[in-house]
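One file, protein-v2.cif, is given below (mmCIF, C-alpha atoms).
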data_coords
loop_
_atom_site.group_PDB
_atom_site.id
_atom_site.type_symbol
_atom_site.label_atom_id
_atom_site.label_comp_id
_atom_site.auth_asym_id
_atom_site.auth_seq_id
_atom_site.Cartn_x
_atom_site.Cartn_y
_atom_site.Cartn_z
ATOM 1 C CA MET A 1 0.000 0.000 0.000
ATOM 2 C CA GLU A 2 1.318 3.399 -0.990
ATOM 3 C CA ARG A 3 1.720 5.965 1.741
ATOM 4 C CA THR A 4 0.092 8.533 -0.515
ATOM 5 C CA GLU A 5 -3.009 6.372 -0.657
ATOM 6 C CA ILE A 6 -3.341 6.522 3.123
ATOM 7 C CA GLU A 7 -2.726 10.278 3.119
ATOM 8 C CA SER A 8 -5.255 10.801 0.404
ATOM 9 C CA LYS A 9 -7.925 8.762 2.219
ATOM 10 C CA LEU A 10 -7.328 10.591 5.486
ATOM 11 C CA THR A 11 -7.531 13.926 3.710
ATOM 12 C CA ASP A 12 -10.804 12.939 2.064
ATOM 13 C CA LEU A 13 -12.238 11.913 5.435
ATOM 14 C CA LEU A 14 -11.191 15.206 7.009
ATOM 15 C CA VAL A 15 -12.673 17.226 4.173
ATOM 16 C CA ASP A 16 -15.839 15.227 3.562
ATOM 17 C CA GLU A 17 -16.774 14.130 7.070
ATOM 18 C CA LEU A 18 -15.481 16.981 9.186
ATOM 19 C CA GLY A 19 -15.532 19.934 6.795
ATOM 20 C CA ILE A 20 -11.838 20.771 7.171
ATOM 21 C CA GLU A 21 -10.281 23.000 4.482
ATOM 22 C CA ARG A 22 -8.118 20.865 2.195
ATOM 23 C CA ASP A 23 -5.352 23.504 2.200
ATOM 24 C CA ASP A 24 -5.029 23.340 5.992
ATOM 25 C CA ILE A 25 -4.242 19.636 5.988
ATOM 26 C CA ARG A 26 -0.497 19.154 6.266
ATOM 27 C CA SER A 27 1.502 16.294 7.664
ATOM 28 C CA ASP A 28 2.511 18.261 10.765
ATOM 29 C CA ALA A 29 -0.975 19.707 11.379
ATOM 30 C CA LYS A 30 -2.223 18.917 14.872
ATOM 31 C CA PHE A 31 -5.788 17.592 14.891
ATOM 32 C CA GLU A 32 -6.988 19.440 17.949
ATOM 33 C CA GLU A 33 -4.957 22.667 17.801
ATOM 34 C CA ASP A 34 -4.640 23.289 14.063
ATOM 35 C CA LEU A 35 -7.666 21.558 12.558
ATOM 36 C CA ASP A 36 -10.149 21.966 15.416
ATOM 37 C CA VAL A 37 -10.959 18.252 15.422
ATOM 38 C CA ASP A 38 -11.944 17.257 18.957
ATOM 39 C CA SER A 39 -10.700 14.095 20.668
ATOM 40 C CA LEU A 40 -13.850 12.196 19.735
ATOM 41 C CA GLY A 41 -13.333 13.274 16.138
ATOM 42 C CA VAL A 42 -9.829 11.803 16.184
ATOM 43 C CA VAL A 43 -11.247 8.511 17.477
ATOM 44 C CA GLU A 44 -13.808 8.533 14.669
ATOM 45 C CA LEU A 45 -11.138 9.225 12.052
ATOM 46 C CA LEU A 46 -9.071 6.308 13.291
ATOM 47 C CA MET A 47 -12.160 4.062 13.214
ATOM 48 C CA ALA A 48 -12.784 5.097 9.623
ATOM 49 C CA LEU A 49 -9.162 4.349 8.730
ATOM 50 C CA GLU A 50 -9.460 0.947 10.412
ATOM 51 C CA ASP A 51 -12.524 0.157 8.315
ATOM 52 C CA ASN A 52 -10.997 1.466 5.127
ATOM 53 C CA PHE A 53 -7.641 -0.272 5.357
ATOM 54 C CA GLY A 54 -8.666 -3.353 7.338
ATOM 55 C CA VAL A 55 -6.281 -2.700 10.207
ATOM 56 C CA LYS A 56 -6.776 -2.735 13.962
ATOM 57 C CA ILE A 57 -5.461 0.189 15.996
ATOM 58 C CA PRO A 58 -5.243 -0.555 19.733
ATOM 59 C CA ASP A 59 -6.589 2.128 22.089
ATOM 60 C CA GLU A 60 -3.151 2.719 23.650
ATOM 61 C CA GLU A 61 -1.647 3.530 20.264
ATOM 62 C CA ALA A 62 -4.608 5.617 19.171
ATOM 63 C CA GLU A 63 -4.169 7.829 22.240
ATOM 64 C CA GLN A 64 -0.657 8.818 21.107
ATOM 65 C CA ILE A 65 -1.838 10.316 17.824
ATOM 66 C CA THR A 66 -1.817 14.118 17.659
ATOM 67 C CA THR A 67 -0.936 14.975 14.039
ATOM 68 C CA VAL A 68 -2.057 13.984 10.559
ATOM 69 C CA GLY A 69 1.403 12.539 9.845
ATOM 70 C CA GLU A 70 1.325 10.369 12.963
ATOM 71 C CA ALA A 71 -2.021 8.914 11.944
ATOM 72 C CA VAL A 72 -0.636 8.047 8.511
ATOM 73 C CA ASP A 73 2.518 6.557 10.073
ATOM 74 C CA LEU A 74 0.456 4.358 12.352
ATOM 75 C CA VAL A 75 -1.793 2.997 9.610
ATOM 76 C CA GLU A 76 1.233 2.430 7.368
ATOM 77 C CA ALA A 77 3.054 0.562 10.139
ATOM 78 C CA LYS A 78 -0.017 -1.643 10.724
ATOM 79 C CA LEU A 79 -0.340 -2.426 7.035
ATOM 80 C CA ASN A 80 3.297 -3.334 6.658
ATOM 81 C CA GLY A 81 3.728 -4.893 10.072
ATOM 82 C CA MET B 82 -37.768 3.821 12.267
ATOM 83 C CA SER B 83 -36.707 0.271 13.027
ATOM 84 C CA ARG B 84 -33.426 -0.174 14.897
ATOM 85 C CA VAL B 85 -31.560 -3.065 16.446
ATOM 86 C CA ALA B 86 -32.175 -2.917 20.193
ATOM 87 C CA LEU B 87 -30.205 -4.951 22.714
ATOM 88 C CA VAL B 88 -31.720 -5.469 26.159
ATOM 89 C CA THR B 89 -29.396 -6.919 28.772
ATOM 90 C CA GLY B 90 -31.134 -9.136 31.276
ATOM 91 C CA GLY B 91 -34.078 -9.235 28.891
ATOM 92 C CA SER B 92 -35.581 -12.561 29.856
ATOM 93 C CA ARG B 93 -37.491 -11.569 32.975
ATOM 94 C CA GLY B 94 -39.022 -8.688 34.913
ATOM 95 C CA ILE B 95 -38.424 -5.170 33.655
ATOM 96 C CA GLY B 96 -36.053 -6.365 30.915
ATOM 97 C CA ARG B 97 -38.714 -8.662 29.502
ATOM 98 C CA ALA B 98 -41.264 -5.842 29.439
ATOM 99 C CA VAL B 99 -38.715 -3.556 27.753
ATOM 100 C CA ALA B 100 -37.966 -6.188 25.095
ATOM 101 C CA LEU B 101 -41.668 -6.622 24.336
ATOM 102 C CA ARG B 102 -42.216 -2.875 24.250
ATOM 103 C CA LEU B 103 -39.329 -2.146 21.887
ATOM 104 C CA ALA B 104 -40.511 -4.949 19.602
ATOM 105 C CA ALA B 105 -44.014 -3.483 19.623
ATOM 106 C CA ASP B 106 -42.449 -0.146 18.647
ATOM 107 C CA GLY B 107 -41.008 -1.860 15.563
ATOM 108 C CA HIS B 108 -37.432 -2.558 16.613
ATOM 109 C CA ALA B 109 -35.519 -5.802 16.101
ATOM 110 C CA VAL B 110 -34.801 -6.943 19.638
ATOM 111 C CA VAL B 111 -31.883 -8.864 21.075
ATOM 112 C CA VAL B 112 -32.786 -10.567 24.342
ATOM 113 C CA ASN B 113 -29.650 -11.092 26.406
ATOM 114 C CA TYR B 114 -29.768 -13.476 29.336
ATOM 115 C CA ALA B 115 -27.270 -14.881 31.794
ATOM 116 C CA ALA B 116 -28.775 -18.217 32.833
ATOM 117 C CA ASN B 117 -32.478 -18.556 32.124
ATOM 118 C CA MET B 118 -32.542 -19.669 28.506
ATOM 119 C CA ALA B 119 -36.128 -20.916 28.629
ATOM 120 C CA ALA B 120 -37.381 -17.516 29.780
ATOM 121 C CA ALA B 121 -35.355 -15.724 27.094
ATOM 122 C CA ASP B 122 -36.688 -18.085 24.428
ATOM 123 C CA GLU B 123 -40.215 -17.391 25.611
ATOM 124 C CA VAL B 124 -39.704 -13.632 25.138
ATOM 125 C CA VAL B 125 -38.387 -14.158 21.609
ATOM 126 C CA GLU B 126 -41.321 -16.441 20.797
ATOM 127 C CA ALA B 127 -43.767 -13.832 22.070
ATOM 128 C CA ILE B 128 -42.154 -11.220 19.825
ATOM 129 C CA THR B 129 -41.976 -13.363 16.705
ATOM 130 C CA ALA B 130 -45.554 -14.581 17.223
ATOM 131 C CA ASN B 131 -46.583 -10.930 16.840
ATOM 132 C CA GLY B 132 -44.607 -10.587 13.618
ATOM 133 C CA GLY B 133 -41.547 -8.985 15.193
ATOM 134 C CA THR B 134 -37.855 -9.780 14.860
ATOM 135 C CA ALA B 135 -35.917 -11.051 17.863
ATOM 136 C CA MET B 136 -32.990 -13.219 18.870
ATOM 137 C CA VAL B 137 -31.514 -14.461 22.128
ATOM 138 C CA VAL B 138 -27.883 -14.175 23.097
ATOM 139 C CA GLN B 139 -26.359 -15.620 26.237
ATOM 140 C CA ALA B 140 -23.666 -13.572 27.976
ATOM 141 C CA ASP B 141 -22.505 -12.655 31.430
ATOM 142 C CA VAL B 142 -22.511 -8.905 30.804
ATOM 143 C CA GLY B 143 -19.986 -8.246 33.559
ATOM 144 C CA ASP B 144 -17.391 -10.258 31.624
ATOM 145 C CA THR B 145 -15.217 -8.431 29.076
ATOM 146 C CA ASP B 146 -14.791 -11.281 26.598
ATOM 147 C CA ALA B 147 -18.415 -12.366 26.831
ATOM 148 C CA VAL B 148 -19.591 -8.839 25.983
ATOM 149 C CA SER B 149 -17.243 -8.632 22.973
ATOM 150 C CA ALA B 150 -18.502 -11.983 21.710
ATOM 151 C CA MET B 151 -22.124 -10.944 22.240
ATOM 152 C CA PHE B 152 -21.776 -7.759 20.176
ATOM 153 C CA LYS B 153 -19.922 -9.634 17.446
ATOM 154 C CA GLU B 154 -22.691 -12.212 17.197
ATOM 155 C CA VAL B 155 -25.436 -9.589 17.165
ATOM 156 C CA GLU B 156 -23.701 -7.490 14.507
ATOM 157 C CA GLU B 157 -23.269 -10.540 12.293
ATOM 158 C CA ARG B 158 -26.875 -11.619 12.620
ATOM 159 C CA LEU B 159 -28.887 -8.397 12.867
ATOM 160 C CA GLY B 160 -26.475 -5.497 12.357
ATOM 161 C CA ARG B 161 -25.260 -2.652 14.546
ATOM 162 C CA VAL B 162 -26.859 -2.125 17.920
ATOM 163 C CA GLU B 163 -28.364 1.357 17.863
ATOM 164 C CA VAL B 164 -30.495 1.108 20.988
ATOM 165 C CA LEU B 165 -28.796 -0.319 24.061
ATOM 166 C CA VAL B 166 -30.799 -0.935 27.213
ATOM 167 C CA ASN B 167 -28.549 -1.725 30.149
ATOM 168 C CA ASN B 168 -31.005 -3.528 32.354
ATOM 169 C CA ALA B 169 -29.203 -6.555 33.788
ATOM 170 C CA GLY B 170 -29.001 -6.364 37.534
ATOM 171 C CA ILE B 171 -28.763 -8.425 40.671
ATOM 172 C CA THR B 172 -29.118 -7.833 44.384
ATOM 173 C CA ARG B 173 -27.030 -9.232 47.249
ATOM 174 C CA ASP B 174 -28.646 -7.335 50.094
ATOM 175 C CA GLY B 175 -27.298 -7.104 53.614
ATOM 176 C CA LEU B 176 -26.249 -4.600 56.208
ATOM 177 C CA LEU B 177 -22.826 -3.179 55.452
ATOM 178 C CA LEU B 178 -21.319 -4.801 58.534
ATOM 179 C CA ARG B 179 -22.356 -8.167 57.143
ATOM 180 C CA MET B 180 -21.631 -7.414 53.488
ATOM 181 C CA GLY B 181 -18.558 -9.349 52.397
ATOM 182 C CA PRO B 182 -16.352 -8.380 49.461
ATOM 183 C CA ASP B 183 -17.988 -10.995 47.240
ATOM 184 C CA ALA B 184 -21.435 -9.471 47.676
ATOM 185 C CA TRP B 185 -19.953 -6.078 46.849
ATOM 186 C CA ASP B 186 -17.951 -7.213 43.820
ATOM 187 C CA GLN B 187 -20.691 -9.337 42.276
ATOM 188 C CA VAL B 188 -23.219 -6.512 42.370
ATOM 189 C CA ILE B 189 -20.804 -3.890 41.048
ATOM 190 C CA GLU B 190 -19.680 -6.221 38.281
ATOM 191 C CA THR B 191 -23.118 -7.237 37.070
ATOM 192 C CA ASN B 192 -24.849 -3.889 37.577
ATOM 193 C CA LEU B 193 -22.163 -1.295 36.810
ATOM 194 C CA ARG B 194 -19.201 -2.872 35.035
ATOM 195 C CA SER B 195 -21.709 -4.287 32.544
ATOM 196 C CA VAL B 196 -22.931 -0.778 31.745
ATOM 197 C CA TYR B 197 -19.385 0.333 31.001
ATOM 198 C CA LEU B 198 -18.605 -2.740 28.886
ATOM 199 C CA CYS B 199 -21.817 -2.766 26.873
ATOM 200 C CA SER B 200 -21.941 0.994 26.336
ATOM 201 C CA ARG B 201 -18.361 1.019 25.077
ATOM 202 C CA ALA B 202 -19.013 -1.909 22.757
ATOM 203 C CA ALA B 203 -22.179 -0.323 21.377
ATOM 204 C CA MET B 204 -20.663 3.107 20.906
ATOM 205 C CA ARG B 205 -18.548 2.230 17.855
ATOM 206 C CA GLY B 206 -21.600 1.209 15.866
ATOM 207 C CA MET B 207 -23.583 4.191 17.104
ATOM 208 C CA LEU B 208 -20.803 6.580 16.034
ATOM 209 C CA ARG B 209 -20.820 5.007 12.589
ATOM 210 C CA SER B 210 -24.593 5.397 12.404
ATOM 211 C CA ARG B 211 -24.421 8.891 13.827
ATOM 212 C CA TRP B 212 -27.428 7.868 15.868
ATOM 213 C CA GLY B 213 -27.782 5.995 19.096
ATOM 214 C CA ARG B 214 -29.666 5.546 22.330
ATOM 215 C CA ILE B 215 -28.114 4.260 25.513
ATOM 216 C CA ILE B 216 -30.668 3.789 28.254
ATOM 217 C CA SER B 217 -29.691 2.315 31.582
ATOM 218 C CA VAL B 218 -32.016 1.066 34.262
ATOM 219 C CA SER B 219 -31.000 2.453 37.629
ATOM 220 C CA SER B 220 -33.116 2.451 40.757
ATOM 221 C CA ILE B 221 -34.621 4.798 43.287
ATOM 222 C CA SER B 222 -32.169 3.109 45.677
ATOM 223 C CA GLY B 223 -29.361 4.820 43.799
ATOM 224 C CA ILE B 224 -30.936 8.224 44.408
ATOM 225 C CA SER B 225 -32.406 7.957 47.905
ATOM 226 C CA GLY B 226 -30.288 5.135 49.309
ATOM 227 C CA ASN B 227 -31.769 2.085 50.949
ATOM 228 C CA PRO B 228 -30.619 0.311 54.112
ATOM 229 C CA GLY B 229 -29.271 -3.134 53.264
ATOM 230 C CA GLN B 230 -28.459 -2.103 49.701
ATOM 231 C CA ALA B 231 -25.157 -0.240 49.956
ATOM 232 C CA ASN B 232 -23.724 -2.293 47.102
ATOM 233 C CA TYR B 233 -26.833 -2.105 44.923
ATOM 234 C CA ALA B 234 -27.368 1.619 45.590
ATOM 235 C CA ALA B 235 -23.707 2.346 44.796
ATOM 236 C CA SER B 236 -23.979 0.489 41.493
ATOM 237 C CA LYS B 237 -27.210 2.280 40.592
ATOM 238 C CA ALA B 238 -25.862 5.722 41.539
ATOM 239 C CA GLY B 239 -22.744 4.911 39.528
ATOM 240 C CA ILE B 240 -24.897 4.381 36.453
ATOM 241 C CA ILE B 241 -26.230 7.925 36.777
ATOM 242 C CA GLY B 242 -22.780 9.571 36.931
ATOM 243 C CA PHE B 243 -21.531 7.362 34.125
ATOM 244 C CA SER B 244 -24.466 8.279 31.902
ATOM 245 C CA LYS B 245 -24.114 12.024 32.471
ATOM 246 C CA SER B 246 -20.427 11.844 31.511
ATOM 247 C CA ILE B 247 -21.051 9.825 28.367
ATOM 248 C CA ALA B 248 -23.956 12.072 27.410
ATOM 249 C CA ARG B 249 -21.509 14.981 27.338
ATOM 250 C CA GLU B 250 -18.907 12.982 25.418
ATOM 251 C CA ILE B 251 -21.077 11.906 22.523
ATOM 252 C CA GLY B 252 -24.074 14.231 22.467
ATOM 253 C CA SER B 253 -22.757 15.952 19.336
ATOM 254 C CA ARG B 254 -23.129 12.685 17.408
ATOM 255 C CA ASN B 255 -26.867 12.261 17.904
ATOM 256 C CA ILE B 256 -26.315 9.701 20.609
ATOM 257 C CA THR B 257 -28.326 10.253 23.768
ATOM 258 C CA VAL B 258 -27.589 8.632 27.095
ATOM 259 C CA ASN B 259 -30.289 8.473 29.724
ATOM 260 C CA VAL B 260 -31.327 6.624 32.841
ATOM 261 C CA VAL B 261 -34.654 5.310 34.035
ATOM 262 C CA ALA B 262 -34.903 4.929 37.791
ATOM 263 C CA PRO B 263 -37.752 2.642 38.813
ATOM 264 C CA GLY B 264 -39.273 2.634 42.259
ATOM 265 C CA PHE B 265 -40.879 -0.557 43.571
ATOM 266 C CA ILE B 266 -41.939 -2.647 40.612
ATOM 267 C CA GLU B 267 -43.662 -6.013 40.796
ATOM 268 C CA THR B 268 -40.916 -8.405 39.671
ATOM 269 C CA ASP B 269 -39.169 -11.543 40.908
ATOM 270 C CA MET B 270 -36.537 -9.280 42.450
ATOM 271 C CA THR B 271 -38.990 -7.399 44.669
ATOM 272 C CA GLU B 272 -41.152 -10.463 45.314
ATOM 273 C CA GLU B 273 -38.298 -11.833 47.422
ATOM 274 C CA LEU B 274 -38.977 -9.057 49.912
ATOM 275 C CA GLY B 275 -42.383 -10.508 50.841
ATOM 276 C CA THR B 276 -45.893 -9.072 50.885
ATOM 277 C CA GLU B 277 -45.515 -7.264 54.184
ATOM 278 C CA ILE B 278 -42.728 -5.023 52.918
ATOM 279 C CA ALA B 279 -44.540 -4.609 49.601
ATOM 280 C CA GLN B 280 -47.665 -3.351 51.398
ATOM 281 C CA GLU B 281 -45.631 -1.016 53.558
ATOM 282 C CA VAL B 282 -43.918 0.424 50.474
ATOM 283 C CA ALA B 283 -47.198 0.761 48.589
ATOM 284 C CA SER B 284 -48.574 2.852 51.457
ATOM 285 C CA ARG B 285 -45.745 5.361 50.882
ATOM 286 C CA VAL B 286 -46.258 5.586 47.117
ATOM 287 C CA ALA B 287 -48.300 8.623 46.060
ATOM 288 C CA VAL B 288 -50.081 6.560 43.427
ATOM 289 C CA GLY B 289 -50.872 3.999 46.141
ATOM 290 C CA ARG B 290 -49.558 0.821 44.549
ATOM 291 C CA LEU B 291 -46.423 -0.875 43.259
ATOM 292 C CA GLY B 292 -45.463 -0.300 39.658
ATOM 293 C CA ARG B 293 -45.704 -2.705 36.744
ATOM 294 C CA PRO B 294 -42.757 -3.615 34.486
ATOM 295 C CA GLU B 295 -44.697 -2.249 31.495
ATOM 296 C CA GLU B 296 -44.694 1.184 33.118
ATOM 297 C CA ILE B 297 -40.885 1.200 33.149
ATOM 298 C CA ALA B 298 -40.821 -0.135 29.595
ATOM 299 C CA ALA B 299 -42.959 2.797 28.460
ATOM 300 C CA ALA B 300 -40.346 5.238 29.771
ATOM 301 C CA VAL B 301 -37.582 3.299 28.011
ATOM 302 C CA GLY B 302 -39.641 3.244 24.813
ATOM 303 C CA TYR B 303 -39.944 7.026 24.915
ATOM 304 C CA LEU B 304 -36.220 7.578 25.517
ATOM 305 C CA ALA B 305 -35.412 5.186 22.649
ATOM 306 C CA SER B 306 -37.626 7.091 20.239
ATOM 307 C CA ASP B 307 -36.840 9.969 17.902
ATOM 308 C CA ASP B 308 -39.168 12.095 20.033
ATOM 309 C CA ALA B 309 -36.554 12.038 22.799
ATOM 310 C CA ALA B 310 -33.708 13.362 20.616
ATOM 311 C CA TYR B 311 -33.302 16.467 22.806
ATOM 312 C CA VAL B 312 -33.289 14.586 26.108
ATOM 313 C CA THR B 313 -29.874 13.446 27.300
ATOM 314 C CA GLY B 314 -27.996 12.920 30.536
ATOM 315 C CA GLN B 315 -31.296 12.687 32.386
ATOM 316 C CA THR B 316 -32.622 10.361 35.016
ATOM 317 C CA LEU B 317 -36.325 9.723 34.624
ATOM 318 C CA VAL B 318 -37.724 8.545 37.946
ATOM 319 C CA VAL B 319 -40.696 6.233 37.465
ATOM 320 C CA ASP B 320 -41.773 5.413 40.985
ATOM 321 C CA GLY B 321 -45.386 6.470 41.383
ATOM 322 C CA GLY B 322 -44.272 9.334 43.580
ATOM 323 C CA LEU B 323 -42.411 7.241 46.160
ATOM 324 C CA ALA B 324 -39.401 9.530 46.533
ATOM 325 C CA LEU B 325 -40.874 13.016 46.537
#

What would the structure in this file look like if it were written as structure tokens?
Amino acid sequence: MERTEIESKLTDLLVDELGIERDDIRSDAKFEEDLDVDSLGVVELLMALEDNFGVKIPDEEAEQITTVGEAVDLVEAKLNG
Amino acid sequence: MSRVALVTGGSRGIGRAVALRLAADGHAVVVNYAANMAAADEVVEAITANGGTAMVVQADVGDTDAVSAMFKEVEERLGRVEVLVNNAGITRDGLLLRMGPDAWDQVIETNLRSVYLCSRAAMRGMLRSRWGRIISVSSISGISGNPGQANYAASKAGIIGFSKSIAREIGSRNITVNVVAPGFIETDMTEELGTEIAQEVASRVAVGRLGRPEEIAAAVGYLASDDAAYVTGQTLVVDGGLAL
């Protein structure tokens, strides 16, 4: 799986489901501070990524995620791990 | 609109009445039971005989793995649970001085840990649906206290604090979380107390009698409906005016 595919899916989710501006979505953007996605929103995003890519993200690992890039890293690691 | 509704402890008493009510309201009902399979089967038969959809699922709802397995089975057979009624409950009454750790732990596990486990398991599906109802059956004991029920009252009060917190967490996703607190209802659980106590209680009820399981089920039916979309974090006391 290409990393860009994961990034692209996450971006689509942020834009379509949460109404985030596409231009604001960068790898180092923090969900809560920069994108105004609340903690429940982050959980929902990770659930959507789990469904989309068929991976399982344990709660302890999900709690560590604060940026867009970290979310992509985690899904990529699960897919290749 | 028809939803999948899971009622824990749905084979007898208030849970049975809730299962029948939700089925009558058009929902597909999952009747969870711990031990009494025959009673659970009877509830499902009553629902299907009236043209409804229902299934039984055995699980000790205080057990983490059993709850996971229960939700997996339900989702495979009927789909996501969108109405969860946390009803399963037991009593191990006794004065605190005589209440051993087992009596405490068993009641907290079955009555309160189950609410945490089932609500958490149901929440994923509800978030995906962007719609959900979590309704937990507490007790007037959890509000007013009751001598001999320190464990039971603690578990039932815990449900109220839990529900208010979760209501705040997920209210923005069209998921409401409410509590129904029954007073003295005619069930197997209160029958154990004997007629003398029942008569004494009835004399203190404004309505002048004990309640019926169907009267609790009606409150649950309302909170499960679309009409109750703007009601969350609440405890609806249905006690005939016992605790005024």

Closest atom pairs, residues of chain A within 9 Å of chain B, only C-alpha atoms, as CSV:
residue,atom,partner,partner_atom,distance
A:Leu40,CA,B:Glu250,CA,7.6
A:Glu44,CA,B:Leu208,CA,7.4
A:Met47,CA,B:Arg205,CA,8.1
A:Ala48,CA,B:Arg209,CA,8.6

Writing out the chosen residues with C-alpha atoms as an mmCIF file, keeping the file's coordinate frame:
data_model
loop_
_atom_site.group_PDB
_atom_site.id
_atom_site.type_symbol
_atom_site.label_atom_id
_atom_site.label_comp_id
_atom_site.auth_asym_id
_atom_site.auth_seq_id
_atom_site.Cartn_x
_atom_site.Cartn_y
_atom_site.Cartn_z
ATOM 1 C CA LEU A 40 -13.850 12.196 19.735
ATOM 2 C CA GLU A 44 -13.808 8.533 14.669
ATOM 3 C CA MET A 47 -12.160 4.062 13.214
ATOM 4 C CA ALA A 48 -12.784 5.097 9.623
#

Give me the residues within 8 Å of stretch 52-69 of chain A as JSON, numbers by chain, counting only C-alpha atoms and dropping any in the same chain fewer than 3 places off.
{"A": [25, 26, 27, 28, 29, 30, 31, 32, 43, 46, 48, 49, 72, 73, 75, 78, 79]}

Hits from the PyMOL selection byres ((chain B and resi 147) around 12), listed as JSON, numbers by chain
{"B": [113, 114, 115, 138, 139, 140, 141, 142, 143, 144, 145, 146, 148, 149, 150, 151, 152, 153, 154, 195, 198, 199, 202]}

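The space between atom CA of B:Leu176 and atom CA of B:Leu323 spans 22.4 Å.
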
Resolved residues for the PyMOL selection byres ((chain B and resi 240) around 9) as JSON, numbers by chain
{"B": [192, 193, 196, 197, 217, 218, 219, 223, 235, 236, 237, 238, 239, 241, 242, 243, 244, 245, 260]}

Between atom CA of B:Arg293 and atom CA of B:Ile266 - distance in Å to one decimal
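These atoms are spaced 5.4 Å apart.
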
Nearest to B:Leu274 by atom-to-atom distance, counting only C-alpha atoms, from B:Thr172, B:Pro294, B:Ile247, B:Pro182
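Using only C-alpha atoms, B:Leu274 sits closest to B:Thr172.
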
Where does the PyMOL selection byres ((chain B and resi 160) around 12) land in this file, that is, which residues does it pick, as a PDB file with C-alpha atoms, in the frame of the given file?
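Output file part_9.pdb is given in full below:
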ATOM      1  CA  SER B  83     -36.707   0.271  13.027  1.00  0.00           C
ATOM      2  CA  ARG B  84     -33.426  -0.174  14.897  1.00  0.00           C
ATOM      3  CA  VAL B  85     -31.560  -3.065  16.446  1.00  0.00           C
ATOM      4  CA  ALA B  86     -32.175  -2.917  20.193  1.00  0.00           C
ATOM      5  CA  LEU B  87     -30.205  -4.951  22.714  1.00  0.00           C
ATOM      6  CA  ALA B 109     -35.519  -5.802  16.101  1.00  0.00           C
ATOM      7  CA  VAL B 110     -34.801  -6.943  19.638  1.00  0.00           C
ATOM      8  CA  VAL B 111     -31.883  -8.864  21.075  1.00  0.00           C
ATOM      9  CA  PHE B 152     -21.776  -7.759  20.176  1.00  0.00           C
ATOM     10  CA  LYS B 153     -19.922  -9.634  17.446  1.00  0.00           C
ATOM     11  CA  GLU B 154     -22.691 -12.212  17.197  1.00  0.00           C
ATOM     12  CA  VAL B 155     -25.436  -9.589  17.165  1.00  0.00           C
ATOM     13  CA  GLU B 156     -23.701  -7.490  14.507  1.00  0.00           C
ATOM     14  CA  GLU B 157     -23.269 -10.540  12.293  1.00  0.00           C
ATOM     15  CA  ARG B 158     -26.875 -11.619  12.620  1.00  0.00           C
ATOM     16  CA  LEU B 159     -28.887  -8.397  12.867  1.00  0.00           C
ATOM     17  CA  ARG B 161     -25.260  -2.652  14.546  1.00  0.00           C
ATOM     18  CA  VAL B 162     -26.859  -2.125  17.920  1.00  0.00           C
ATOM     19  CA  GLU B 163     -28.364   1.357  17.863  1.00  0.00           C
ATOM     20  CA  VAL B 164     -30.495   1.108  20.988  1.00  0.00           C
ATOM     21  CA  ALA B 203     -22.179  -0.323  21.377  1.00  0.00           C
ATOM     22  CA  GLY B 206     -21.600   1.209  15.866  1.00  0.00           C
ATOM     23  CA  MET B 207     -23.583   4.191  17.104  1.00  0.00           C
ATOM     24  CA  ARG B 209     -20.820   5.007  12.589  1.00  0.00           C
ATOM     25  CA  SER B 210     -24.593   5.397  12.404  1.00  0.00           C
TER      26      SER B 210
END

Just give me the gap between atom CA of B:Met118 and atom CA of B:Ala262 in Å, one decimal is fine.
26.4 Å

For the point (-38.5, -3.0, 25.2) in the file's frame, write as number ranges by chain all residues with an atom no more than 9 Å away, counting only C-alpha atoms.
B: 86-88, 91, 95-106, 108, 110, 166, 295, 298-299, 301-302
